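Shown here: final.txt, compact mmCIF, C-alpha atoms and all ligand atoms.
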# COMPACT_ATOMS: atom_id res chain seq x y z
CA MET A 9 11.72 28.05 17.80
CA ASN A 10 12.84 28.35 14.17
CA GLU A 11 11.43 26.30 11.28
CA GLN A 12 14.30 23.80 11.26
CA GLU A 13 13.94 23.11 14.96
CA LEU A 14 10.22 22.64 14.62
CA ILE A 15 10.70 20.22 11.70
CA SER A 16 13.26 18.14 13.57
CA THR A 17 10.96 18.02 16.59
CA VAL A 18 7.83 16.85 14.77
CA ILE A 19 9.03 14.97 11.64
CA ARG A 20 10.82 11.61 11.83
CA PRO A 21 14.36 11.61 10.38
CA GLU A 22 13.52 8.96 7.75
CA ILE A 23 10.79 11.24 6.35
CA ARG A 24 13.06 14.29 6.41
CA ALA A 25 15.53 12.25 4.35
CA LEU A 26 12.98 11.40 1.63
CA THR A 27 12.40 13.33 -1.57
CA ALA A 28 8.76 13.78 -2.61
CA TYR A 29 7.39 11.65 -5.45
CA LYS A 30 7.47 14.10 -8.36
CA VAL A 31 5.14 13.99 -11.33
CA ALA A 32 6.15 15.91 -14.46
CA ASP A 33 3.85 18.71 -15.66
CA ALA A 34 2.34 17.24 -18.83
CA CYS A 35 0.39 20.30 -19.95
CA GLY A 36 0.42 20.59 -23.75
CA TYR A 37 2.40 17.39 -24.37
CA VAL A 38 1.50 14.12 -26.03
CA LYS A 39 1.40 12.29 -22.71
CA LEU A 40 3.20 8.96 -22.88
CA ASP A 41 4.80 9.01 -19.43
CA ALA A 42 2.38 7.52 -16.90
CA MET A 43 0.93 4.24 -18.23
CA GLU A 44 -2.52 5.76 -18.67
CA ASN A 45 -5.09 4.35 -21.09
CA PRO A 46 -5.42 7.10 -23.75
CA TYR A 47 -9.03 6.24 -24.60
CA THR A 48 -12.10 7.83 -23.06
CA TRP A 49 -15.71 6.67 -23.43
CA PRO A 50 -18.24 7.13 -26.26
CA GLU A 51 -20.64 10.04 -25.58
CA GLU A 52 -23.69 7.79 -25.04
CA ILE A 53 -21.85 5.84 -22.32
CA LYS A 54 -20.72 9.08 -20.70
CA ALA A 55 -24.35 10.27 -20.70
CA GLU A 56 -25.49 7.07 -18.95
CA TRP A 57 -22.70 7.48 -16.39
CA LEU A 58 -23.72 11.09 -15.68
CA LYS A 59 -27.19 9.89 -14.72
CA ILE A 60 -25.65 7.61 -12.11
CA VAL A 61 -23.42 10.37 -10.78
CA HIS A 62 -26.48 12.65 -10.69
CA ASP A 63 -28.26 10.26 -8.35
CA ALA A 64 -25.28 9.56 -6.07
CA GLU A 65 -26.12 10.56 -2.49
CA ILE A 66 -23.06 12.65 -1.77
CA ASN A 67 -24.59 13.94 1.46
CA ARG A 68 -24.33 10.41 2.89
CA TYR A 69 -21.25 8.42 3.80
CA PRO A 70 -20.48 5.75 1.20
CA ASP A 71 -20.93 2.03 1.92
CA PRO A 72 -17.85 1.42 4.10
CA GLU A 73 -17.47 -2.12 2.75
CA ALA A 74 -18.38 -1.20 -0.86
CA LYS A 75 -20.21 -4.54 -1.12
CA THR A 76 -21.63 -4.07 -4.64
CA LEU A 77 -18.29 -2.91 -5.99
CA CYS A 78 -16.47 -5.86 -4.34
CA ARG A 79 -18.87 -8.31 -5.95
CA ILE A 80 -18.40 -6.75 -9.39
CA LEU A 81 -14.61 -6.68 -9.00
CA LYS A 82 -14.52 -10.35 -7.92
CA ASP A 83 -16.56 -11.24 -10.93
CA TYR A 84 -14.63 -9.10 -13.41
CA ASN A 85 -11.28 -10.42 -12.18
CA GLN A 86 -12.37 -14.05 -11.75
CA ILE A 87 -11.36 -14.16 -8.09
CA PRO A 88 -11.92 -17.60 -6.51
CA ALA A 89 -15.01 -17.76 -4.28
CA ASP A 90 -12.95 -18.56 -1.16
CA SER A 91 -10.72 -15.47 -1.55
CA GLU A 92 -11.64 -12.18 0.11
CA ILE A 93 -10.89 -8.74 -1.30
CA LEU A 94 -9.95 -5.43 0.30
CA LEU A 95 -10.19 -2.13 -1.54
CA GLY A 96 -7.79 0.79 -1.47
CA ASN A 97 -7.67 4.36 -2.74
CA GLY A 98 -5.44 3.10 -5.56
CA SER A 99 -3.13 0.15 -4.98
CA ASP A 100 -0.67 2.69 -3.60
CA GLU A 101 -2.88 2.95 -0.52
CA ILE A 102 -2.90 -0.84 -0.20
CA ILE A 103 0.90 -0.91 -0.21
CA GLN A 104 0.78 1.66 2.60
CA LEU A 105 -1.82 -0.35 4.50
CA LEU A 106 0.14 -3.61 4.20
CA LEU A 107 3.29 -1.97 5.49
CA MET A 108 1.49 -0.14 8.31
CA ALA A 109 0.30 -3.49 9.63
CA LEU A 110 3.83 -4.96 9.84
CA PRO A 111 5.66 -5.21 13.15
CA ALA A 112 8.22 -2.48 13.94
CA ASN A 113 11.62 -3.21 12.34
CA ALA A 114 10.05 -5.53 9.76
CA THR A 115 11.89 -6.09 6.47
CA VAL A 116 10.32 -5.29 3.10
CA MET A 117 11.91 -6.95 0.06
CA ALA A 118 11.51 -6.28 -3.66
CA PRO A 119 13.57 -6.75 -6.81
CA GLU A 120 15.29 -3.69 -8.25
CA PRO A 121 14.48 -1.92 -10.43
CA SER A 122 10.78 -2.21 -9.66
CA PHE A 123 7.85 -0.02 -8.61
CA VAL A 124 9.24 2.81 -6.48
CA MET A 125 6.37 2.91 -3.96
CA TYR A 126 7.47 -0.30 -2.19
CA LYS A 127 10.68 1.38 -1.09
CA GLN A 128 9.18 4.85 -0.66
CA VAL A 129 6.46 3.67 1.75
CA ALA A 130 8.82 1.33 3.62
CA GLN A 131 11.25 4.19 4.22
CA CYS A 132 8.47 6.55 5.19
CA LEU A 133 7.32 4.12 7.87
CA GLY A 134 10.86 3.52 9.12
CA LEU A 135 10.92 -0.14 8.02
CA LYS A 136 13.96 -1.97 6.67
CA TYR A 137 13.97 -2.15 2.89
CA GLN A 138 16.02 -4.69 0.97
CA GLY A 139 16.24 -4.39 -2.82
CA ILE A 140 17.47 -7.44 -4.75
CA PRO A 141 19.06 -6.60 -8.13
CA LEU A 142 17.50 -8.16 -11.20
CA GLN A 143 19.75 -9.81 -13.78
CA ALA A 144 21.41 -7.06 -15.81
CA ASP A 145 20.76 -8.27 -19.34
CA THR A 146 17.24 -9.69 -19.05
CA PHE A 147 15.72 -7.97 -15.97
CA GLU A 148 14.80 -11.51 -14.86
CA LEU A 149 14.78 -12.44 -11.15
CA ASP A 150 18.11 -13.64 -9.84
CA ILE A 151 16.57 -16.61 -8.07
CA ASN A 152 19.71 -17.77 -6.23
CA LEU A 153 20.40 -14.29 -4.92
CA THR A 154 16.75 -13.85 -3.93
CA LEU A 155 16.47 -17.17 -2.11
CA ALA A 156 19.72 -16.49 -0.27
CA ALA A 157 18.44 -13.04 0.77
CA ILE A 158 15.15 -14.55 1.94
CA LYS A 159 17.10 -17.01 4.08
CA THR A 160 19.32 -14.40 5.74
CA GLN A 161 16.85 -11.47 5.98
CA GLN A 162 13.58 -13.35 6.59
CA PRO A 163 11.47 -10.50 5.11
CA GLU A 164 7.95 -10.10 6.48
CA ILE A 165 6.77 -9.10 3.00
CA ILE A 166 8.04 -9.44 -0.58
CA PHE A 167 6.61 -7.45 -3.50
CA LEU A 168 6.82 -8.82 -7.04
CA ALA A 169 5.30 -6.70 -9.81
CA TYR A 170 4.01 -9.06 -12.54
CA PRO A 171 4.59 -7.69 -15.19
CA ASN A 172 7.32 -5.58 -13.63
CA ASN A 173 7.38 -1.77 -13.77
CA PRO A 174 9.53 -0.14 -15.22
CA THR A 175 10.97 -3.08 -17.18
CA GLY A 176 7.70 -4.51 -18.58
CA ASN A 177 8.71 -8.18 -18.42
CA LEU A 178 6.97 -11.06 -16.68
CA PHE A 179 9.30 -12.78 -14.23
CA ASP A 180 9.69 -16.55 -14.61
CA SER A 181 6.64 -18.06 -12.91
CA ASP A 182 8.59 -21.05 -11.52
CA ALA A 183 11.02 -18.63 -9.85
CA ILE A 184 8.07 -16.76 -8.32
CA GLU A 185 6.61 -20.02 -6.98
CA GLN A 186 9.96 -20.88 -5.41
CA ILE A 187 9.96 -17.49 -3.70
CA ILE A 188 6.42 -18.03 -2.40
CA GLN A 189 7.42 -21.47 -1.10
CA HIS A 190 10.58 -20.24 0.65
CA ALA A 191 9.19 -16.99 2.08
CA ARG A 192 8.42 -16.94 5.78
CA GLY A 193 6.15 -13.92 5.33
CA LEU A 194 3.72 -12.59 2.73
CA VAL A 195 4.37 -12.48 -1.01
CA VAL A 196 2.36 -9.82 -2.86
CA ILE A 197 2.10 -10.30 -6.62
CA ASP A 198 1.34 -6.81 -7.93
CA GLU A 199 -0.69 -7.30 -11.11
CA ALA A 200 -1.22 -3.63 -11.96
CA TYR A 201 -0.78 -4.49 -15.66
CA ALA A 202 -3.18 -7.45 -15.69
CA PRO A 203 -5.27 -5.93 -18.54
CA PHE A 204 -2.29 -6.35 -20.89
CA THR A 205 -1.27 -9.95 -20.20
CA ASP A 206 -2.94 -13.36 -19.90
CA CYS A 207 -0.59 -14.42 -17.08
CA SER A 208 -1.71 -14.18 -13.45
CA PHE A 209 -1.20 -15.72 -10.02
CA ILE A 210 -4.88 -15.48 -9.10
CA GLN A 211 -5.36 -19.19 -9.83
CA HIS A 212 -2.59 -19.98 -7.29
CA LEU A 213 -4.37 -18.22 -4.42
CA SER A 214 -5.95 -21.39 -3.02
CA LYS A 215 -2.59 -23.18 -3.12
CA TYR A 216 -0.48 -20.74 -1.05
CA LYS A 217 -1.63 -19.22 2.24
CA ASN A 218 1.06 -16.50 2.15
CA LEU A 219 0.17 -15.35 -1.38
CA LEU A 220 -1.73 -12.12 -2.02
CA VAL A 221 -2.57 -10.69 -5.45
CA MET A 222 -2.99 -6.93 -5.88
CA ARG A 223 -4.65 -5.22 -8.83
CA THR A 224 -5.85 -1.75 -9.80
CA VAL A 225 -8.27 -0.22 -12.29
CA SER A 226 -5.77 2.57 -13.03
CA LYS A 227 -3.98 1.01 -15.99
CA LEU A 228 -7.24 -0.37 -17.37
CA GLY A 229 -8.39 3.20 -17.95
CA LEU A 230 -9.75 4.54 -14.64
CA ALA A 231 -6.64 6.08 -13.08
CA GLY A 232 -8.53 9.22 -12.04
CA LEU A 233 -10.97 7.28 -9.88
CA ARG A 234 -8.25 5.82 -7.59
CA LEU A 235 -9.23 2.23 -6.92
CA GLY A 236 -7.08 -0.80 -6.25
CA PHE A 237 -7.69 -4.07 -4.47
CA ILE A 238 -5.85 -6.96 -2.89
CA THR A 239 -7.12 -10.49 -2.65
CA GLY A 240 -6.18 -13.53 -0.60
CA GLY A 241 -7.33 -15.69 2.30
CA ASN A 242 -9.95 -14.26 4.62
CA PHE A 243 -7.69 -14.97 7.63
CA ILE A 244 -5.23 -12.29 6.46
CA ILE A 245 -7.57 -9.90 4.61
CA SER A 246 -9.77 -9.56 7.71
CA GLN A 247 -6.72 -8.51 9.75
CA LEU A 248 -5.67 -5.92 7.17
CA ASN A 249 -9.23 -4.64 7.02
CA LYS A 250 -8.90 -3.47 10.63
CA ALA A 251 -6.15 -1.04 9.59
CA ARG A 252 -8.18 0.34 6.68
CA LEU A 253 -9.97 3.67 7.16
CA PRO A 254 -13.71 2.92 6.95
CA TYR A 255 -14.69 5.27 4.10
CA ASN A 256 -11.54 5.05 1.98
CA ILE A 257 -13.48 4.49 -1.26
CA ASN A 258 -15.69 7.50 -1.94
CA ILE A 259 -19.16 7.20 -3.39
CA LEU A 260 -18.27 8.67 -6.81
CA THR A 261 -15.52 6.08 -7.22
CA GLN A 262 -17.80 3.26 -6.06
CA CYS A 263 -20.64 4.06 -8.43
CA SER A 264 -18.39 5.00 -11.35
CA VAL A 265 -16.26 1.83 -11.26
CA GLU A 266 -19.40 -0.30 -10.83
CA PHE A 267 -20.81 1.39 -13.92
CA ALA A 268 -17.58 1.12 -15.92
CA LEU A 269 -17.02 -2.58 -15.23
CA ASN A 270 -20.53 -3.28 -16.47
CA HIS A 271 -19.09 -2.37 -19.91
CA PRO A 272 -16.40 -5.05 -20.17
CA GLN A 273 -16.53 -5.07 -23.97
CA MET A 274 -15.45 -1.43 -24.14
CA PHE A 275 -12.33 -2.12 -22.08
CA ALA A 276 -11.63 -5.36 -23.94
CA THR A 277 -11.62 -3.46 -27.22
CA GLN A 278 -9.36 -0.71 -25.85
CA THR A 279 -6.83 -3.07 -24.30
CA LYS A 280 -6.79 -5.24 -27.43
CA THR A 281 -5.85 -2.20 -29.53
CA LEU A 282 -3.18 -1.22 -27.00
CA ARG A 283 -1.69 -4.71 -27.11
CA GLN A 284 -1.57 -4.57 -30.91
CA GLU A 285 0.04 -1.14 -30.75
CA ARG A 286 2.58 -2.50 -28.24
CA ALA A 287 3.64 -5.18 -30.75
CA ARG A 288 3.86 -2.61 -33.54
CA MET A 289 5.89 -0.17 -31.39
CA PHE A 290 8.25 -2.94 -30.30
CA LEU A 291 8.99 -3.85 -33.92
CA GLN A 292 9.52 -0.23 -34.91
CA LEU A 293 11.83 0.43 -31.95
CA SER A 294 13.80 -2.73 -32.77
CA THR A 295 14.67 -1.42 -36.22
CA LEU A 296 16.18 1.84 -34.93
CA LYS A 297 19.93 2.08 -34.66
CA ASP A 298 21.25 2.05 -31.07
CA ILE A 299 17.77 1.52 -29.59
CA ARG A 300 17.12 -1.74 -27.75
CA PRO A 301 13.53 -2.24 -26.56
CA CYS A 302 12.74 -4.79 -23.82
CA PRO A 303 9.94 -7.27 -24.47
CA SER A 304 6.85 -6.05 -22.58
CA ALA A 305 3.66 -7.62 -21.26
CA ALA A 306 2.43 -4.23 -20.02
CA ASN A 307 1.17 -1.01 -21.66
CA PHE A 308 4.63 0.53 -21.92
CA ILE A 309 8.04 -0.33 -23.37
CA LEU A 310 11.40 0.26 -21.71
CA PHE A 311 14.20 0.85 -24.16
CA ARG A 312 17.91 1.39 -23.92
CA THR A 313 19.66 4.10 -25.89
CA ALA A 314 23.33 4.46 -26.82
CA LYS A 315 25.57 5.18 -23.83
CA ASP A 316 24.91 8.54 -22.14
CA MET A 317 22.36 9.55 -24.79
CA ALA A 318 19.10 8.92 -22.89
CA THR A 319 18.69 12.38 -21.36
CA ASP A 320 19.51 14.15 -24.64
CA ILE A 321 16.98 12.00 -26.47
CA PHE A 322 14.37 12.57 -23.74
CA ASN A 323 14.85 16.35 -24.03
CA ALA A 324 14.78 16.24 -27.84
CA LEU A 325 11.43 14.39 -27.65
CA LYS A 326 10.12 16.97 -25.21
CA LYS A 327 11.09 19.78 -27.59
CA GLN A 328 8.93 18.03 -30.18
CA GLY A 329 5.99 17.90 -27.77
CA ILE A 330 6.32 14.28 -26.61
CA LEU A 331 6.57 13.45 -22.91
CA ILE A 332 7.90 10.02 -21.92
CA LYS A 333 9.79 8.93 -18.78
CA ASN A 334 13.52 9.31 -18.35
CA LEU A 335 14.78 6.55 -16.04
CA SER A 336 18.44 7.03 -16.79
CA PRO A 337 19.06 9.38 -13.81
CA LYS A 338 18.20 6.44 -11.51
CA LYS A 339 21.50 4.92 -12.67
CA GLY A 340 22.38 1.26 -12.07
CA LEU A 341 20.51 -1.14 -14.35
CA LEU A 342 18.36 1.74 -15.65
CA SER A 343 21.28 3.80 -16.98
CA ASP A 344 20.54 4.88 -20.58
CA CYS A 345 16.91 3.71 -20.25
CA LEU A 346 13.73 5.51 -21.32
CA ARG A 347 10.16 4.28 -20.91
CA VAL A 348 7.30 5.05 -23.27
CA THR A 349 3.63 4.36 -22.55
CA ILE A 350 1.58 2.89 -25.42
CA GLY A 351 -0.86 5.56 -26.60
CA LYS A 352 -3.28 5.88 -29.49
CA PRO A 353 -1.90 4.88 -32.92
CA ASP A 354 -1.38 8.54 -33.96
CA GLU A 355 0.40 9.36 -30.67
CA ASN A 356 2.65 6.33 -31.07
CA GLY A 357 3.36 7.36 -34.65
CA ALA A 358 4.26 10.88 -33.51
CA PHE A 359 6.57 9.41 -30.87
CA ILE A 360 8.41 7.15 -33.35
CA LYS A 361 8.77 10.04 -35.80
CA ALA A 362 10.11 12.36 -33.09
CA LEU A 363 12.47 9.65 -31.86
CA LYS A 364 13.90 9.19 -35.36
CA ASN A 365 14.51 12.95 -35.49
CA ALA A 366 16.19 12.81 -32.09
CA LEU A 367 18.68 10.06 -32.99
C1 LIG B 401 0.87 2.04 -11.45
C2 LIG B 401 1.26 0.96 -10.51
C3 LIG B 401 0.64 0.83 -9.25
C4 LIG B 401 -0.24 1.92 -8.67
O1 LIG B 401 -1.50 1.86 -9.06
P1 LIG B 401 -2.63 2.80 -8.42
O2 LIG B 401 -3.75 1.84 -8.23
O3 LIG B 401 -2.89 3.83 -9.44
O4 LIG B 401 -2.14 3.35 -7.11
C5 LIG B 401 0.97 -0.24 -8.46
N1 LIG B 401 1.90 -1.12 -8.85
C6 LIG B 401 2.54 -1.02 -10.03
C7 LIG B 401 3.56 -2.02 -10.40
C8 LIG B 401 2.25 0.05 -10.88
O5 LIG B 401 2.94 0.19 -12.01
Could you take the file, read its structure, and then write that structure out as structure tokens?
Amino acid sequence: MNEQELISTVIRPEIRALTAYKVADACGYVKLDAMENPYTWPEEIKAEWLKIVHDAEINRYPDPEAKTLCRILKDYNQIPADSEILLGNGSDEIIQLLLMALPANATVMAPEPSFVMYKQVAQCLGLKYQGIPLQADTFELDINLTLAAIKTQQPEIIFLAYPNNPTGNLFDSDAIEQIIQHARGLVVIDEAYAPFTDCSFIQHLSKYKNLLVMRTVSKLGLAGLRLGFITGGNFIISQLNKARLPYNINILTQCSVEFALNHPQMFATQTKTLRQERARMFLQLSTLKDIRPCPSAANFILFRTAKDMATDIFNALKKQGILIKNLSPKKGLLSDCLRVTIGKPDENGAFIKALKNAL
């Protein structure tokens, strides 16, 4: 048997058709491509954390239900008492878990452009995926198109990133409520960028049975620890929990996130600075000729360049040591679009300077 024969025997065709999720090598660059928090911790806090890591019993299995961590997360995120939470190895794992639990041939729906994992995981699992284009000029939901698609396709699950990635905007909340009301299946509001906005659907959880809210600590500043969670009614969370692998949150992640979230002021200060920097960056981008930034409620800004210039500008930035994300090759509504993550003030300054050189 040759390699090709073996592959076609053991790998499903939908997986063979996929391309792997690629992450650019950022070595040596000012890294403004991945929505990371640029700030680390003061030395005295790191020293306290090391004591906790020192005492972690890595010879034992971690608490499979991560009870202490769940309690701290519920508290930190002001989750209503009657909502349950389920943890994942990043919210990416939760997307996978949600889709694994769906019936065969189920339909997954999401606006486009949005977070690529919804489609990637759906395709990997051989589910039907239906993307609904956002409005071209504003990246707002096309509510009529979406409601019509819900009616004809009856999706088992709809993902709405709020704020949306890669566009950065918050969809109209009335439109989202209409979607929740008309959906026959689940609606997941993906609040990965919650630290950078005051808007949330968490307070709607008690109102809608089919509503789930997903969050992560990644964009807050703990991307390396891999922890996300989803919250909603116990009747659905307890079902999903059966599909979760028992020890999916390792002990170092459990104790480190518990420790980190006991320092809320540190994160509040960091995210406040990032929000201020976002406003400053938006203004600066707005003044540049042929650059049109989109209003953002997240820790990044999507901006449009002059026609067919995005890739040249992206490469010119790279030559100057600045790595951002080039979305233009995705075509469609993202043609001529680049996305920059908000970094430290000096990194943002270096980016603006390099961008001016590149224009
Ligand atoms: C970054 C991101 C995630 C993934 O978060 P992890 O917890 O790091 O897996 C999920 N949803 C959206 C919209 C994101 O931008």
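Shortest atom-to-atom contact with ligand LIG 401 (chain B) among A:Gln273, A:Thr349, A:Thr146, A:Gln12: A:Thr349, counting all atoms listed in the file.
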Would you give me, as JSON lines, each residue of chain A having an atom within 10 Å of an atom of ligand LIG 401 (chain B), along with its shortest atom pair and that distance in Å to one decimal, using all atoms listed in the file and sorting by chain and residue number?
{"residue": "A:Ala42", "atom": "CA", "partner": "B:LIG401", "partner_atom": "C1", "distance": 7.9}
{"residue": "A:Met43", "atom": "CA", "partner": "B:LIG401", "partner_atom": "C1", "distance": 7.1}
{"residue": "A:Glu44", "atom": "CA", "partner": "B:LIG401", "partner_atom": "C1", "distance": 8.8}
{"residue": "A:Gly96", "atom": "CA", "partner": "B:LIG401", "partner_atom": "O2", "distance": 7.9}
{"residue": "A:Asn97", "atom": "CA", "partner": "B:LIG401", "partner_atom": "O4", "distance": 7.1}
{"residue": "A:Gly98", "atom": "CA", "partner": "B:LIG401", "partner_atom": "O2", "distance": 3.4}
{"residue": "A:Ser99", "atom": "CA", "partner": "B:LIG401", "partner_atom": "O2", "distance": 3.7}
{"residue": "A:Asp100", "atom": "CA", "partner": "B:LIG401", "partner_atom": "O4", "distance": 3.9}
{"residue": "A:Glu101", "atom": "CA", "partner": "B:LIG401", "partner_atom": "O4", "distance": 6.6}
{"residue": "A:Ile102", "atom": "CA", "partner": "B:LIG401", "partner_atom": "O4", "distance": 8.1}
{"residue": "A:Ile103", "atom": "CA", "partner": "B:LIG401", "partner_atom": "C5", "distance": 8.3}
{"residue": "A:Ser122", "atom": "CA", "partner": "B:LIG401", "partner_atom": "C7", "distance": 7.3}
{"residue": "A:Phe123", "atom": "CA", "partner": "B:LIG401", "partner_atom": "C7", "distance": 5.1}
{"residue": "A:Val124", "atom": "CA", "partner": "B:LIG401", "partner_atom": "C7", "distance": 8.4}
{"residue": "A:Met125", "atom": "CA", "partner": "B:LIG401", "partner_atom": "C5", "distance": 7.7}
{"residue": "A:Tyr126", "atom": "CA", "partner": "B:LIG401", "partner_atom": "N1", "distance": 8.7}
{"residue": "A:Phe167", "atom": "CA", "partner": "B:LIG401", "partner_atom": "C7", "distance": 9.3}
{"residue": "A:Leu168", "atom": "CA", "partner": "B:LIG401", "partner_atom": "C7", "distance": 8.3}
{"residue": "A:Ala169", "atom": "CA", "partner": "B:LIG401", "partner_atom": "C7", "distance": 5.0}
{"residue": "A:Tyr170", "atom": "CA", "partner": "B:LIG401", "partner_atom": "C7", "distance": 7.4}
{"residue": "A:Pro171", "atom": "CA", "partner": "B:LIG401", "partner_atom": "C7", "distance": 7.5}
{"residue": "A:Asn172", "atom": "CA", "partner": "B:LIG401", "partner_atom": "C7", "distance": 6.1}
{"residue": "A:Asn173", "atom": "CA", "partner": "B:LIG401", "partner_atom": "C7", "distance": 5.1}
{"residue": "A:Pro174", "atom": "CA", "partner": "B:LIG401", "partner_atom": "O5", "distance": 7.3}
{"residue": "A:Gly176", "atom": "CA", "partner": "B:LIG401", "partner_atom": "O5", "distance": 9.4}
{"residue": "A:Ile197", "atom": "CA", "partner": "B:LIG401", "partner_atom": "C7", "distance": 9.2}
{"residue": "A:Asp198", "atom": "CA", "partner": "B:LIG401", "partner_atom": "N1", "distance": 5.8}
{"residue": "A:Glu199", "atom": "CA", "partner": "B:LIG401", "partner_atom": "C7", "distance": 6.8}
{"residue": "A:Ala200", "atom": "CA", "partner": "B:LIG401", "partner_atom": "C6", "distance": 5.0}
{"residue": "A:Tyr201", "atom": "CA", "partner": "B:LIG401", "partner_atom": "O5", "distance": 7.0}
{"residue": "A:Met222", "atom": "CA", "partner": "B:LIG401", "partner_atom": "N1", "distance": 8.2}
{"residue": "A:Arg223", "atom": "CA", "partner": "B:LIG401", "partner_atom": "O2", "distance": 7.1}
{"residue": "A:Thr224", "atom": "CA", "partner": "B:LIG401", "partner_atom": "O2", "distance": 4.4}
{"residue": "A:Val225", "atom": "CA", "partner": "B:LIG401", "partner_atom": "O2", "distance": 6.4}
{"residue": "A:Ser226", "atom": "CA", "partner": "B:LIG401", "partner_atom": "O3", "distance": 4.8}
{"residue": "A:Lys227", "atom": "CA", "partner": "B:LIG401", "partner_atom": "C1", "distance": 6.7}
{"residue": "A:Leu228", "atom": "CA", "partner": "B:LIG401", "partner_atom": "O3", "distance": 10.0}
{"residue": "A:Leu230", "atom": "CA", "partner": "B:LIG401", "partner_atom": "O3", "distance": 8.6}
{"residue": "A:Ala231", "atom": "CA", "partner": "B:LIG401", "partner_atom": "O3", "distance": 5.7}
{"residue": "A:Gly232", "atom": "CA", "partner": "B:LIG401", "partner_atom": "O3", "distance": 8.2}
{"residue": "A:Leu233", "atom": "CA", "partner": "B:LIG401", "partner_atom": "O3", "distance": 8.8}
{"residue": "A:Arg234", "atom": "CA", "partner": "B:LIG401", "partner_atom": "O3", "distance": 6.0}
{"residue": "A:Leu235", "atom": "CA", "partner": "B:LIG401", "partner_atom": "O2", "distance": 5.6}
{"residue": "A:Gly236", "atom": "CA", "partner": "B:LIG401", "partner_atom": "O2", "distance": 4.7}
{"residue": "A:Phe237", "atom": "CA", "partner": "B:LIG401", "partner_atom": "O2", "distance": 8.0}
{"residue": "A:Ala306", "atom": "CA", "partner": "B:LIG401", "partner_atom": "O5", "distance": 9.2}
{"residue": "A:Asn307", "atom": "CA", "partner": "B:LIG401", "partner_atom": "O5", "distance": 9.9}
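All protein and nucleic acid residues in the vicinity of (-1.6, -14.7, -20.9), that is within 12 Å when counting all atoms listed in the file, are Tyr170, Pro171, Leu178, Ser181, Tyr201, Ala202, Pro203, Phe204, Thr205, Asp206, Cys207, Ser208, Phe209, Arg283, Ala305 and Ala306 of chain A.
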Neighbour list for range 50-60 of chain A as an mmCIF file with C-alpha atoms, in the frame of the given file, cut-off 12 Å, only C-alpha atoms, skip fewer than 3 positions in-chain:
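The resulting file, around-v2.cif, is reproduced below:
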data_model
loop_
_atom_site.group_PDB
_atom_site.id
_atom_site.type_symbol
_atom_site.label_atom_id
_atom_site.label_comp_id
_atom_site.auth_asym_id
_atom_site.auth_seq_id
_atom_site.Cartn_x
_atom_site.Cartn_y
_atom_site.Cartn_z
ATOM 1 C CA TYR A 47 -9.030 6.240 -24.600
ATOM 2 C CA ASP A 63 -28.260 10.260 -8.350
ATOM 3 C CA ALA A 64 -25.280 9.560 -6.070
ATOM 4 C CA GLU A 65 -26.120 10.560 -2.490
ATOM 5 C CA ILE A 66 -23.060 12.650 -1.770
ATOM 6 C CA ILE A 259 -19.160 7.200 -3.390
ATOM 7 C CA LEU A 260 -18.270 8.670 -6.810
ATOM 8 C CA THR A 261 -15.520 6.080 -7.220
ATOM 9 C CA GLN A 262 -17.800 3.260 -6.060
ATOM 10 C CA CYS A 263 -20.640 4.060 -8.430
ATOM 11 C CA SER A 264 -18.390 5.000 -11.350
ATOM 12 C CA VAL A 265 -16.260 1.830 -11.260
ATOM 13 C CA GLU A 266 -19.400 -0.300 -10.830
ATOM 14 C CA PHE A 267 -20.810 1.390 -13.920
ATOM 15 C CA ALA A 268 -17.580 1.120 -15.920
ATOM 16 C CA LEU A 269 -17.020 -2.580 -15.230
ATOM 17 C CA ASN A 270 -20.530 -3.280 -16.470
ATOM 18 C CA HIS A 271 -19.090 -2.370 -19.910
ATOM 19 C CA MET A 274 -15.450 -1.430 -24.140
ATOM 20 C CA PHE A 275 -12.330 -2.120 -22.080
ATOM 21 C CA GLN A 278 -9.360 -0.710 -25.850
#
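When CA of His190 in chain A is paired with CA of Gly340 in chain A, their separation reads 27.6 Å.
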- Message: For Arg288 in chain A, find every residue with an atom within 12 Å (counting only C-alpha atoms), except residues of its own chain fewer than 4 positions away, and show them as a PyMOL selection string.
- Response: chain A and resi 281-284+292-295+301+303-304+309+350-353+356-357+360
- Query: What's the 9 Å shell around Leu110 in chain A, counting all atoms listed in the file, without same-chain residues fewer than 6 positions away, as JSON, numbers by chain?
  - Reply: {"A": [135, 164, 165]}
- Could you tell me which of A:Glu13, A:Gly229, A:Pro111, A:Ala183 comes closest to Pro163 in chain A if we count only C-alpha atoms? A:Pro111
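Nearest to Leu342 in chain A of all the residues A:Lys327, A:Arg312, A:Lys82, A:Lys364 is A:Arg312, based on all atoms listed in the file.
Our summary of the geometry notes that CA of Thr76 in chain A is positioned 15.7 Å from CA of Pro254 in chain A.
For the residues A:Ile184, A:Thr175, A:Tyr137, A:Pro88, ranking by smallest atom-to-atom distance to Ile151 in chain A using all atoms listed in the file places A:Ile184 first.
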